[in-house]
$ cat coords.pdb   # PDB, C-alpha atoms
ATOM      1  CA  MET A   1      86.645 110.459 111.884
ATOM      2  CA  ILE A   2      84.894 109.054 108.866
ATOM      3  CA  SER A   3      81.855 106.831 109.472
ATOM      4  CA  GLY A   4      82.083 103.145 108.506
ATOM      5  CA  MET A   5      80.033 103.466 105.304
ATOM      6  CA  LYS A   6      81.745 106.665 104.262
ATOM      7  CA  LYS A   7      85.178 105.153 105.031
ATOM      8  CA  GLN A   8      84.303 102.147 102.861
ATOM      9  CA  LEU A   9      83.241 104.409  99.980
ATOM     10  CA  HIS A  10      86.351 106.494 100.529
ATOM     11  CA  CYS A  11      88.545 103.366 100.315
ATOM     12  CA  ARG A  12      86.793 102.212  97.143
ATOM     13  CA  TYR A  13      87.255 105.640  95.579
ATOM     14  CA  LEU A  14      90.951 105.626  96.463
ATOM     15  CA  SER A  15      91.277 102.146  94.972
ATOM     16  CA  LEU A  16      89.856 103.510  91.731
ATOM     17  CA  LEU A  17      92.293 106.429  91.869
ATOM     18  CA  TRP A  18      95.189 104.023  92.355
ATOM     19  CA  ALA A  19      93.966 101.875  89.459
ATOM     20  CA  PHE A  20      93.715 104.990  87.275
ATOM     21  CA  SER A  21      97.196 106.057  88.384
ATOM     22  CA  PHE A  22      98.545 102.600  87.554
ATOM     23  CA  LEU A  23      97.155 102.868  84.051
ATOM     24  CA  ILE A  24      98.694 106.282  83.559
ATOM     25  CA  PHE A  25     102.041 105.382  85.111
ATOM     26  CA  SER A  26     102.554 101.998  83.477
ATOM     27  CA  ALA A  27     100.726 102.081  80.154
ATOM     28  CA  PRO A  28     102.191 103.303  76.875
ATOM     29  CA  VAL A  29     101.178 106.765  75.743
ATOM     30  CA  PHE A  30      97.489 106.784  74.888
ATOM     31  CA  ALA A  31      96.339 108.454  71.675
ATOM     32  CA  ASN A  32      94.024 110.752  73.640
ATOM     33  CA  GLN A  33      96.459 111.435  76.468
ATOM     34  CA  GLN A  34      97.014 115.048  75.486
ATOM     35  CA  ALA A  35      93.280 115.619  75.172
ATOM     36  CA  ALA A  36      92.820 114.257  78.688
ATOM     37  CA  LEU A  37      95.585 116.483  80.055
ATOM     38  CA  ASP A  38      94.100 119.480  78.245
ATOM     39  CA  TRP A  39      90.712 118.725  79.803
ATOM     40  CA  LEU A  40      92.286 118.504  83.261
ATOM     41  CA  ALA A  41      93.873 121.910  82.702
ATOM     42  CA  THR A  42      90.443 123.417  82.024
ATOM     43  CA  GLN A  43      89.237 122.124  85.401
ATOM     44  CA  GLN A  44      91.841 124.037  87.407
ATOM     45  CA  VAL A  45      90.592 127.047  89.330
ATOM     46  CA  VAL A  46      92.466 130.193  90.348
ATOM     47  CA  ASP A  47      93.640 128.849  93.726
ATOM     48  CA  GLY A  48      95.386 125.890  92.017
ATOM     49  CA  SER A  49      92.803 123.280  92.995
ATOM     50  CA  TYR A  50      90.502 121.516  90.582
ATOM     51  CA  THR A  51      86.781 121.882  90.098
ATOM     52  CA  ALA A  52      84.973 119.426  92.326
ATOM     53  CA  THR A  53      81.399 118.328  92.002
ATOM     54  CA  THR A  54      79.137 117.764  94.968
ATOM     55  CA  SER A  55      78.929 114.082  94.011
ATOM     56  CA  SER A  56      82.715 113.653  94.188
ATOM     57  CA  LEU A  57      84.024 111.536  97.024
ATOM     58  CA  ALA A  58      87.490 112.993  96.555
ATOM     59  CA  THR A  59      88.646 115.934  98.587
ATOM     60  CA  PRO A  60      90.405 118.819  96.837
ATOM     61  CA  VAL A  61      93.760 117.601  98.203
ATOM     62  CA  GLN A  62      93.194 114.105  96.807
ATOM     63  CA  SER A  63      92.150 115.473  93.423
ATOM     64  CA  VAL A  64      95.050 117.907  93.196
ATOM     65  CA  ALA A  65      97.618 115.275  94.192
ATOM     66  CA  GLU A  66      96.311 112.813  91.600
ATOM     67  CA  VAL A  67      96.281 115.434  88.840
ATOM     68  CA  ILE A  68      99.879 116.360  89.666
ATOM     69  CA  ARG A  69     100.859 112.676  89.621
ATOM     70  CA  ALA A  70      99.230 112.275  86.223
ATOM     71  CA  GLN A  71     101.047 115.337  84.910
ATOM     72  CA  GLN A  72     104.355 114.112  86.314
ATOM     73  CA  ALA A  73     103.879 110.619  84.925
ATOM     74  CA  THR A  74     103.174 111.923  81.458
ATOM     75  CA  GLY A  75     106.165 114.236  81.403
ATOM     76  CA  GLN A  76     104.305 117.521  81.576
ATOM     77  CA  PRO A  77     106.529 120.517  82.306
ATOM     78  CA  ALA A  78     106.773 121.552  85.955
ATOM     79  CA  THR A  79     104.867 124.729  85.142
ATOM     80  CA  ALA A  80     101.808 122.609  84.349
ATOM     81  CA  SER A  81     101.473 121.662  88.007
ATOM     82  CA  SER A  82     103.119 124.606  89.784
ATOM     83  CA  ALA A  83      99.858 126.253  90.959
ATOM     84  CA  ALA A  84      98.489 122.867  91.994
ATOM     85  CA  LEU A  85     101.670 122.023  93.896
ATOM     86  CA  LEU A  86     101.511 125.367  95.674
ATOM     87  CA  TYR A  87      97.868 124.663  96.600
ATOM     88  CA  LEU A  88      98.797 121.215  97.899
ATOM     89  CA  ASN A  89     101.786 122.445  99.898
ATOM     90  CA  ASN A  90      99.745 125.260 101.455
ATOM     91  CA  ASP A  91      97.063 122.884 102.719
ATOM     92  CA  THR A  92      97.213 122.802 106.513
ATOM     93  CA  ASP A  93      95.525 119.440 107.148
ATOM     94  CA  LEU A  94      98.299 117.201 108.413
ATOM     95  CA  ASN A  95      96.622 113.809 108.310
ATOM     96  CA  THR A  96      98.843 110.938 107.230
ATOM     97  CA  GLU A  97      97.289 110.432 103.805
ATOM     98  CA  TYR A  98      97.675 114.100 102.864
ATOM     99  CA  LEU A  99     101.259 114.235 104.127
ATOM    100  CA  ALA A 100     102.078 111.112 102.117
ATOM    101  CA  ARG A 101     100.516 112.623  98.994
ATOM    102  CA  LYS A 102     102.611 115.771  99.514
ATOM    103  CA  VAL A 103     105.779 113.707  99.853
ATOM    104  CA  ILE A 104     105.041 111.663  96.732
ATOM    105  CA  VAL A 105     104.455 114.614  94.394
ATOM    106  CA  ASN A 106     107.152 116.828  95.912
ATOM    107  CA  ALA A 107     109.772 114.071  95.732
ATOM    108  CA  THR A 108     108.920 113.492  92.076
ATOM    109  CA  ALA A 109     109.208 117.253  91.508
ATOM    110  CA  GLY A 110     112.693 117.160  93.051
ATOM    111  CA  ASN A 111     111.788 119.043  96.213
ATOM    112  CA  ASP A 112     113.237 118.233  99.646
ATOM    113  CA  VAL A 113     110.793 116.007 101.521
ATOM    114  CA  THR A 114     112.976 115.070 104.489
ATOM    115  CA  ALA A 115     110.907 116.916 107.107
ATOM    116  CA  LEU A 116     107.603 115.510 105.842
ATOM    117  CA  THR A 117     109.051 112.004 105.630
ATOM    118  CA  ASN A 118     110.385 112.251 109.182
ATOM    119  CA  THR A 119     106.951 113.403 110.375
ATOM    120  CA  LEU A 120     105.405 110.314 108.796
ATOM    121  CA  ILE A 121     108.017 107.961 110.254
ATOM    122  CA  ALA A 122     107.397 109.377 113.739
ATOM    123  CA  ARG A 123     103.769 108.280 113.431
ATOM    124  CA  GLN A 124     104.561 104.576 113.277
ATOM    125  CA  ASN A 125     102.728 102.707 116.009
ATOM    126  CA  LEU A 126     104.026  99.777 118.049
ATOM    127  CA  ASP A 127     102.034  97.389 115.827
ATOM    128  CA  GLY A 128     104.055  98.615 112.821
ATOM    129  CA  GLY A 129     101.168 100.426 111.177
ATOM    130  CA  PHE A 130     100.310 104.081 110.784
ATOM    131  CA  GLY A 131      97.177 105.980 111.765
ATOM    132  CA  ASP A 132      95.487 109.144 110.579
ATOM    133  CA  GLN A 133      97.489 111.304 113.003
ATOM    134  CA  ALA A 134     100.225 110.711 115.558
ATOM    135  CA  GLY A 135      98.845 108.483 118.317
ATOM    136  CA  TYR A 136      95.829 107.306 116.292
ATOM    137  CA  ALA A 137      95.136 103.602 115.802
ATOM    138  CA  SER A 138      96.821 102.058 112.786
ATOM    139  CA  ASN A 139      94.787 101.442 109.667
ATOM    140  CA  VAL A 140      95.481  99.788 106.341
ATOM    141  CA  LEU A 141      94.944 102.845 104.129
ATOM    142  CA  ASP A 142      97.334 105.160 105.959
ATOM    143  CA  THR A 143      99.908 102.398 106.321
ATOM    144  CA  ALA A 144      99.774 101.727 102.570
ATOM    145  CA  PHE A 145     100.272 105.415 101.780
ATOM    146  CA  VAL A 146     103.269 105.645 104.103
ATOM    147  CA  LEU A 147     104.750 102.468 102.633
ATOM    148  CA  GLU A 148     104.532 104.004  99.163
ATOM    149  CA  VAL A 149     106.508 106.983 100.463
ATOM    150  CA  LEU A 150     109.064 104.905 102.348
ATOM    151  CA  SER A 151     109.662 102.387  99.605
ATOM    152  CA  SER A 152     110.688 105.116  97.201
ATOM    153  CA  SER A 153     112.678 107.288  99.605
ATOM    154  CA  GLY A 154     115.635 105.013 100.199
ATOM    155  CA  GLN A 155     116.320 106.939 103.423
ATOM    156  CA  VAL A 156     114.515 104.634 105.794
ATOM    157  CA  SER A 157     115.683 101.558 107.653
ATOM    158  CA  ASN A 158     114.312  98.239 106.539
ATOM    159  CA  SER A 159     112.971  97.586 110.043
ATOM    160  CA  ILE A 160     110.429 100.418 109.678
ATOM    161  CA  ILE A 161     109.261  99.095 106.310
ATOM    162  CA  SER A 162     109.258  95.477 107.508
ATOM    163  CA  ALA A 163     107.123  96.368 110.529
ATOM    164  CA  ALA A 164     104.613  98.187 108.301
ATOM    165  CA  ILE A 165     104.442  95.232 105.906
ATOM    166  CA  GLN A 166     103.958  92.891 108.869
ATOM    167  CA  TYR A 167     101.093  95.090 110.092
ATOM    168  CA  LEU A 168      99.399  94.844 106.675
ATOM    169  CA  GLN A 169      99.878  91.075 106.612
ATOM    170  CA  ASN A 170      98.343  90.811 110.082
ATOM    171  CA  GLU A 171      95.341  92.837 108.936
ATOM    172  CA  GLN A 172      94.732  90.774 105.821
ATOM    173  CA  GLN A 173      91.552  88.761 105.993
ATOM    174  CA  ALA A 174      91.115  85.141 104.977
ATOM    175  CA  ASP A 175      89.459  86.175 101.698
ATOM    176  CA  GLY A 176      92.497  88.304 100.788
ATOM    177  CA  GLY A 177      90.855  91.619 101.631
TER     178      GLY A 177
END

$ encode --input "coords.pdb" --output "structure tokens"
Amino acid sequence: MISGMKKQLHCRYLSLLWAFSFLIFSAPVFANQQAALDWLATQQVVDGSYTATTSSLATPVQSVAEVIRAQQATGQPATASSAALLYLNNDTDLNTEYLARKVIVNATAGNDVTALTNTLIARQNLDGGFGDQAGYASNVLDTAFVLEVLSSSGQVSNSIISAAIQYLQNEQQADGG
């Protein structure tokens, strides 16, 4: 488990990653987009992961998944992310966030994600949310990741999605957080 302070920093970092992803996925092509993609390519190491610094809050799986998403969003050929995708798919940590990241990039790559999606669905708790692993208490971050997967899959009943949304609404604080 991640300590409270570390979990808060982790959530803030992921929020920044999502904001960065939003810019990449929704903005018109930037003039320096190719330069940024070229720089990312220079950061990849032999095993398919990306160079991480000791000050990085991101894990290798988080970094790899986000790089693949950036490559996919900018129309890079599948070969640009093949080693990274192999690295991601070979990772054995089966926490909910990592499984969701695998589903997102593999679905975009056109790979079958049925088994991974079913694993995620089986983790839904009675409160509608999702936890880090099967049987773990629900939390907002994991529930949001699973909702991203489910909303794009089209294979899931609305009751599963509605229950997850209801969980998030129940967790929302008076200040909107």

$ atom_distance --input "coords.pdb" --atom1 "CA of Gly129 in chain A" --atom2 "CA of Thr59 in chain A"
23.6 Å

$ residues_near_point --input "coords.pdb" --point "(111.3, 109.6, 105.8)" --cutoff "12 Å" --atoms "all atoms listed in the file" --output "number ranges by chain"
A: 99-100, 103-104, 107, 112-124, 146-158, 160-161

$ resolve_selection --input "coords.pdb" --expression "the PyMOL selection byres ((chain A and resi 62) around 10)" --output "ChimeraX atom specification"
/A:14,17,49,57-61,63-67,88,97-98,101-102

$ closest_residue --input "coords.pdb" --among "A:Leu126, A:Ile68, A:Ala41, A:Val105" --to "Gln166 in chain A" --atoms "only C-alpha atoms"
A:Leu126

$ atom_distance --input "coords.pdb" --atom1 "CA of Leu168 in chain A" --atom2 "CA of Val140 in chain A"
6.3 Å

$ residues_near_point --input "coords.pdb" --point "(93.2, 110.5, 116.0)" --cutoff "12 Å" --atoms "only C-alpha atoms" --output "list in words"
Met1, Ile2, Leu94, Asn95, Thr96, Arg123, Phe130, Gly131, Asp132, Gln133, Ala134, Gly135, Tyr136, Ala137, Ser138 and Asn139 of chain A

$ atom_distance --input "coords.pdb" --atom1 "CA of Thr53 in chain A" --atom2 "CA of Asn32 in chain A"
23.5 Å

$ residues_around --input "coords.pdb" --residues "Ala84 in chain A" --least-positions-apart "2" --cutoff "6 Å" --atoms "all atoms listed in the file" --output "PyMOL selection string"
chain A and resi 48-49+81-82+86-87

$ decode --input "coords.pdb" --residues "range 61-177 of chain A" --atoms "C-alpha atoms" --output "compact mmCIF listing (two decimals), in the first residue's frame"
# COMPACT_ATOMS: atom_id res chain seq x y z
CA VAL A 61 4.66 0.81 -16.32
CA GLN A 62 3.03 4.23 -16.01
CA SER A 63 5.72 5.86 -18.15
CA VAL A 64 5.60 3.18 -20.83
CA ALA A 65 1.80 3.25 -21.04
CA GLU A 66 1.75 7.04 -21.40
CA VAL A 67 4.46 7.02 -24.07
CA ILE A 68 2.51 4.40 -26.04
CA ARG A 69 -0.67 6.48 -25.69
CA ALA A 70 1.18 9.53 -26.98
CA GLN A 71 2.54 7.56 -29.92
CA GLN A 72 -0.89 6.13 -30.70
CA ALA A 73 -2.57 9.52 -30.44
CA THR A 74 -0.12 11.09 -32.83
CA GLY A 75 -0.43 8.35 -35.42
CA GLN A 76 3.00 6.83 -35.00
CA PRO A 77 3.41 3.46 -36.71
CA ALA A 78 2.83 0.40 -34.53
CA THR A 79 6.52 -0.42 -34.76
CA ALA A 80 7.28 2.75 -32.79
CA SER A 81 5.69 1.25 -29.69
CA SER A 82 6.11 -2.50 -30.27
CA ALA A 83 9.00 -2.97 -27.79
CA ALA A 84 7.20 -0.80 -25.24
CA LEU A 85 3.96 -2.73 -25.69
CA LEU A 86 5.83 -6.00 -25.22
CA TYR A 87 7.41 -4.60 -22.03
CA LEU A 88 4.00 -3.49 -20.75
CA ASN A 89 2.30 -6.79 -21.57
CA ASN A 90 5.09 -8.79 -19.91
CA ASP A 91 4.77 -6.88 -16.64
CA THR A 92 3.43 -9.25 -13.99
CA ASP A 93 1.98 -6.71 -11.53
CA LEU A 94 -1.76 -7.15 -11.79
CA ASN A 95 -3.00 -4.13 -9.87
CA THR A 96 -6.10 -2.47 -11.29
CA GLU A 97 -4.37 0.64 -12.61
CA TYR A 98 -1.77 -1.38 -14.53
CA LEU A 99 -4.39 -3.74 -15.96
CA ALA A 100 -6.46 -0.75 -17.08
CA ARG A 101 -3.42 0.83 -18.73
CA LYS A 102 -2.75 -2.45 -20.56
CA VAL A 103 -6.34 -2.60 -21.78
CA ILE A 104 -6.31 1.01 -22.99
CA VAL A 105 -3.14 0.74 -25.10
CA ASN A 106 -3.83 -2.80 -26.34
CA ALA A 107 -7.38 -1.93 -27.40
CA THR A 108 -6.08 1.08 -29.32
CA ALA A 109 -3.48 -1.19 -30.93
CA GLY A 110 -6.28 -3.53 -32.03
CA ASN A 111 -5.38 -6.37 -29.70
CA ASP A 112 -7.96 -8.57 -27.94
CA VAL A 113 -8.51 -7.24 -24.42
CA THR A 114 -11.51 -9.36 -23.43
CA ALA A 115 -9.71 -11.36 -20.73
CA LEU A 116 -8.15 -8.27 -19.14
CA THR A 117 -11.46 -6.41 -19.27
CA ASN A 118 -13.26 -9.33 -17.64
CA THR A 119 -10.62 -9.42 -14.89
CA LEU A 120 -11.27 -5.74 -14.20
CA ILE A 121 -15.05 -6.16 -14.18
CA ALA A 122 -14.76 -9.01 -11.67
CA ARG A 123 -13.08 -6.59 -9.27
CA GLN A 124 -16.12 -4.36 -8.88
CA ASN A 125 -17.09 -4.05 -5.23
CA LEU A 126 -20.60 -3.91 -3.80
CA ASP A 127 -20.28 -0.11 -3.47
CA GLY A 128 -19.79 0.10 -7.26
CA GLY A 129 -16.15 1.11 -7.08
CA PHE A 130 -12.93 -0.72 -7.81
CA GLY A 131 -9.89 -1.30 -5.61
CA ASP A 132 -6.22 -1.97 -6.24
CA GLN A 133 -6.78 -5.74 -6.37
CA ALA A 134 -9.76 -8.07 -6.13
CA GLY A 135 -11.28 -7.73 -2.66
CA TYR A 136 -9.52 -4.44 -1.86
CA ALA A 137 -11.49 -1.38 -0.76
CA SER A 138 -12.70 0.82 -3.59
CA ASN A 139 -10.84 4.01 -4.35
CA VAL A 140 -11.39 6.89 -6.74
CA LEU A 141 -8.23 6.45 -8.81
CA ASP A 142 -8.74 2.79 -9.66
CA THR A 143 -12.44 3.34 -10.30
CA ALA A 144 -11.64 6.17 -12.72
CA PHE A 145 -9.15 4.00 -14.61
CA VAL A 146 -11.66 1.16 -14.93
CA LEU A 147 -14.36 3.58 -16.07
CA GLU A 148 -12.06 4.80 -18.84
CA VAL A 149 -11.68 1.20 -19.98
CA LEU A 150 -15.37 0.35 -19.70
CA SER A 151 -16.64 3.48 -21.37
CA SER A 152 -14.66 2.74 -24.49
CA SER A 153 -15.19 -1.03 -24.63
CA GLY A 154 -18.87 -1.10 -25.48
CA GLN A 155 -18.99 -4.67 -24.13
CA VAL A 156 -20.17 -3.86 -20.64
CA SER A 157 -23.64 -3.45 -19.22
CA ASN A 158 -24.71 0.01 -18.24
CA SER A 159 -25.40 -1.17 -14.69
CA ILE A 160 -21.67 -1.78 -14.09
CA ILE A 161 -20.78 1.67 -15.40
CA SER A 162 -23.67 3.34 -13.55
CA ALA A 163 -22.61 1.75 -10.26
CA ALA A 164 -19.03 2.96 -10.75
CA ILE A 165 -20.22 6.49 -11.55
CA GLN A 166 -22.46 6.41 -8.48
CA TYR A 167 -19.46 5.37 -6.36
CA LEU A 168 -17.47 8.36 -7.66
CA GLN A 169 -20.38 10.70 -6.99
CA ASN A 170 -20.66 9.36 -3.44
CA GLU A 171 -16.95 9.96 -2.89
CA GLN A 172 -17.01 13.52 -4.18
CA GLN A 173 -16.40 16.07 -1.47
CA ALA A 174 -18.32 19.29 -0.93
CA ASP A 175 -15.50 21.33 -2.51
CA GLY A 176 -15.70 19.22 -5.69
CA GLY A 177 -12.60 17.17 -4.93
